[in-house]
Amino acid sequence: KAVNIIGLVSGVDLDRSAYLADSNPPLMEFSKLVLDEKKIAGHDLFRLAENSLYILVSERIKNVLAEIELVGVACTPIEQA
């Protein structure tokens with residue numbers, strides 16, 4: 001099965017995140033990613049505009065994914081502003 005997440009959400013707190021200075025959207029390279037809750041506005045599943053390869057999910061979605069034990073899916077926590 002496959003999924004296509006359409007659209008991007010700009011949700012990074014750039015002041016609190018750490019990223020390579022010469023990287024730019026849509027492929028910014030982060031060593032520390034901090035989200036701004038106001039910017040993500042309650043989205044449960046989205047691609048990040050600052051790096052469109054990142055797929056972010058809410059805690060609620062992460063819990064569902066953990067229950068069904070998908071192969072090849074890893075959830076890594078990040079910070080929120």
# chains A, B, ... in the order shown; residues from 1 in each chain; ligands from 1
>>> residues_around(residues="Ala41 of chain A", least_positions_apart="3", cutoff="10 Å", atoms="only C-alpha atoms", output="JSON list (two decimals) with N, CA, C and O atoms, in the first residue's frame")
[["chain", "number", "residue", "atom", "x", "y", "z"],
["A", 9, "VAL", "N", 3.00, 21.98, 5.02],
["A", 9, "VAL", "CA", 2.71, 22.90, 6.12],
["A", 9, "VAL", "C", 4.03, 23.48, 6.61],
["A", 9, "VAL", "O", 4.97, 22.75, 6.91],
["A", 11, "GLY", "N", 5.82, 24.69, 9.43],
["A", 11, "GLY", "CA", 5.58, 24.62, 10.87],
["A", 11, "GLY", "C", 6.81, 24.70, 11.75],
["A", 11, "GLY", "O", 6.74, 24.46, 12.94],
["A", 36, "ASP", "N", 6.49, 24.90, 15.75],
["A", 36, "ASP", "CA", 5.68, 25.97, 16.32],
["A", 36, "ASP", "C", 4.23, 25.50, 16.25],
["A", 36, "ASP", "O", 3.66, 25.38, 15.17],
["A", 37, "GLU", "N", 3.64, 25.22, 17.39],
["A", 37, "GLU", "CA", 2.28, 24.68, 17.47],
["A", 37, "GLU", "C", 1.26, 25.57, 16.77],
["A", 37, "GLU", "O", 0.33, 25.09, 16.14],
["A", 38, "LYS", "N", 1.44, 26.88, 16.84],
["A", 38, "LYS", "CA", 0.52, 27.81, 16.17],
["A", 38, "LYS", "C", 0.56, 27.63, 14.65],
["A", 38, "LYS", "O", -0.45, 27.74, 13.98],
["A", 44, "ASP", "N", -2.86, 16.69, 11.97],
["A", 44, "ASP", "CA", -2.46, 15.40, 12.52],
["A", 44, "ASP", "C", -1.45, 14.67, 11.65],
["A", 44, "ASP", "O", -0.71, 13.81, 12.12]]
>>> residues_around(residues="segment 65-77 of chain A", least_positions_apart="4", cutoff="10 Å", atoms="only C-alpha atoms", output="list in words")
Leu33, Ile55, Leu56, Val57, Ser58, Glu59, Arg60 and Ile61 of chain A
>>> write_last_selection(atoms="N, CA and C atoms", output="compact mmCIF listing (two decimals), in the first residue's frame")
# COMPACT_ATOMS: atom_id res chain seq x y z
N LEU A 33 15.11 20.00 15.25
CA LEU A 33 13.87 20.50 14.67
C LEU A 33 12.89 20.81 15.79
N ILE A 55 7.72 13.65 6.99
CA ILE A 55 6.30 13.44 7.22
C ILE A 55 6.09 13.47 8.73
N LEU A 56 5.28 14.40 9.19
CA LEU A 56 5.05 14.56 10.62
C LEU A 56 3.65 14.09 10.99
N VAL A 57 3.55 13.46 12.15
CA VAL A 57 2.27 12.97 12.64
C VAL A 57 2.08 13.41 14.08
N SER A 58 0.83 13.57 14.48
CA SER A 58 0.51 13.92 15.86
C SER A 58 0.72 12.72 16.76
N GLU A 59 0.72 12.96 18.05
CA GLU A 59 0.83 11.88 19.04
C GLU A 59 -0.30 10.88 18.85
N ARG A 60 -1.48 11.38 18.54
CA ARG A 60 -2.64 10.51 18.33
C ARG A 60 -2.40 9.53 17.18
N ILE A 61 -1.88 10.03 16.06
CA ILE A 61 -1.60 9.17 14.91
C ILE A 61 -0.44 8.22 15.23
>>> select_by_dssp(residues="segment 40-69 of chain A", states="strand (DSSP E or B)", output="number ranges by chain")
A: 45-48, 51-57
>>> write_last_selection(atoms="all heavy atoms", output="tab-separated table (two decimals), in the first residue's frame")
chain	number	residue	atom	x	y	z
A	45	LEU	N	-1.41	14.99	10.37
A	45	LEU	CA	-0.53	14.30	9.42
A	45	LEU	C	-0.20	15.28	8.30
A	45	LEU	O	-1.11	15.79	7.65
A	45	LEU	CB	-1.24	13.06	8.86
A	45	LEU	CG	-0.54	12.30	7.75
A	45	LEU	CD1	0.68	11.56	8.30
A	45	LEU	CD2	-1.51	11.29	7.13
A	46	PHE	N	1.09	15.57	8.10
A	46	PHE	CA	1.46	16.53	7.05
A	46	PHE	C	2.92	16.39	6.67
A	46	PHE	O	3.73	15.84	7.42
A	46	PHE	CB	1.16	17.97	7.48
A	46	PHE	CG	1.91	18.42	8.72
A	46	PHE	CD1	3.10	19.11	8.60
A	46	PHE	CD2	1.40	18.18	9.98
A	46	PHE	CE1	3.78	19.54	9.73
A	46	PHE	CE2	2.07	18.61	11.12
A	46	PHE	CZ	3.26	19.29	10.99
A	47	ARG	N	3.24	16.90	5.48
A	47	ARG	CA	4.63	17.04	5.04
A	47	ARG	C	5.09	18.43	5.43
A	47	ARG	O	4.33	19.39	5.36
A	47	ARG	CB	4.74	16.82	3.53
A	47	ARG	CG	4.53	15.39	3.15
A	47	ARG	CD	4.60	15.10	1.66
A	47	ARG	NE	5.47	15.99	0.92
A	47	ARG	CZ	5.09	16.59	-0.22
A	47	ARG	NH1	3.89	16.44	-0.72
A	47	ARG	NH2	5.93	17.37	-0.86
A	48	LEU	N	6.33	18.52	5.81
A	48	LEU	CA	6.89	19.78	6.28
A	48	LEU	C	7.39	20.62	5.11
A	48	LEU	O	8.18	20.15	4.29
A	48	LEU	CB	8.06	19.47	7.24
A	48	LEU	CG	8.60	20.60	8.08
A	48	LEU	CD1	7.52	21.18	8.99
A	48	LEU	CD2	9.76	20.10	8.91
A	51	ASN	N	11.25	21.03	4.79
A	51	ASN	CA	11.90	19.85	4.23
A	51	ASN	C	10.79	18.87	3.85
A	51	ASN	O	10.26	18.15	4.69
A	51	ASN	CB	12.88	19.19	5.21
A	51	ASN	CG	13.66	18.07	4.55
A	51	ASN	OD1	13.13	17.32	3.73
A	51	ASN	ND2	14.92	17.94	4.90
A	52	SER	N	10.44	18.87	2.58
A	52	SER	CA	9.27	18.11	2.12
A	52	SER	C	9.45	16.60	2.20
A	52	SER	O	8.50	15.86	1.97
A	52	SER	CB	8.91	18.52	0.69
A	52	SER	OG	10.00	18.27	-0.18
A	53	LEU	N	10.64	16.14	2.57
A	53	LEU	CA	10.85	14.70	2.77
A	53	LEU	C	10.38	14.26	4.15
A	53	LEU	O	10.22	13.07	4.40
A	53	LEU	CB	12.33	14.34	2.58
A	53	LEU	CG	12.91	14.64	1.20
A	53	LEU	CD1	14.39	14.32	1.17
A	53	LEU	CD2	12.16	13.89	0.12
A	54	TYR	N	10.17	15.21	5.06
A	54	TYR	CA	9.71	14.90	6.42
A	54	TYR	C	8.19	14.74	6.41
A	54	TYR	O	7.47	15.62	5.92
A	54	TYR	CB	10.05	16.03	7.39
A	54	TYR	CG	11.50	16.14	7.80
A	54	TYR	CD1	12.54	15.76	6.96
A	54	TYR	CD2	11.83	16.64	9.04
A	54	TYR	CE1	13.86	15.88	7.35
A	54	TYR	CE2	13.15	16.77	9.43
A	54	TYR	CZ	14.15	16.39	8.59
A	54	TYR	OH	15.45	16.52	8.99
A	55	ILE	N	7.72	13.65	6.99
A	55	ILE	CA	6.30	13.44	7.22
A	55	ILE	C	6.09	13.47	8.73
A	55	ILE	O	6.70	12.69	9.46
A	55	ILE	CB	5.82	12.09	6.65
A	55	ILE	CG1	6.04	12.06	5.14
A	55	ILE	CG2	4.35	11.86	7.01
A	55	ILE	CD1	5.77	10.70	4.53
A	56	LEU	N	5.28	14.40	9.19
A	56	LEU	CA	5.05	14.56	10.62
A	56	LEU	C	3.65	14.09	10.99
A	56	LEU	O	2.70	14.30	10.23
A	56	LEU	CB	5.25	16.03	11.01
A	56	LEU	CG	6.64	16.59	10.68
A	56	LEU	CD1	6.70	18.07	11.01
A	56	LEU	CD2	7.70	15.85	11.45
A	57	VAL	N	3.55	13.46	12.15
A	57	VAL	CA	2.27	12.97	12.64
A	57	VAL	C	2.08	13.41	14.08
A	57	VAL	O	3.05	13.60	14.82
A	57	VAL	CB	2.14	11.43	12.54
A	57	VAL	CG1	2.24	10.96	11.11
A	57	VAL	CG2	3.16	10.73	13.41
>>> closest_residue(among="A:Asn4, A:Arg16, A:Pro25, A:Ile78", to="Ala49 of chain A", atoms="only C-alpha atoms")
A:Pro25
>>> atom_distance(atom1="atom CA of Asn24 of chain A", atom2="atom CA of Gly7 of chain A")
17.8 Å
>>> closest_residue(among="A:Leu35, A:Leu27, A:Val64, A:Ile40", to="Leu14 of chain A", atoms="only C-alpha atoms")
A:Leu35
>>> atom_distance(atom1="atom CA of Lys32 of chain A", atom2="atom CA of Asp15 of chain A")
10.9 Å
>>> closest_residue(among="A:Glu50, A:Ile5, A:Asp13, A:Ala21", to="Val34 of chain A", atoms="only C-alpha atoms")
A:Asp13
>>> atom_distance(atom1="atom CA of Ser31 of chain A", atom2="atom CA of Ser17 of chain A")
7.8 Å
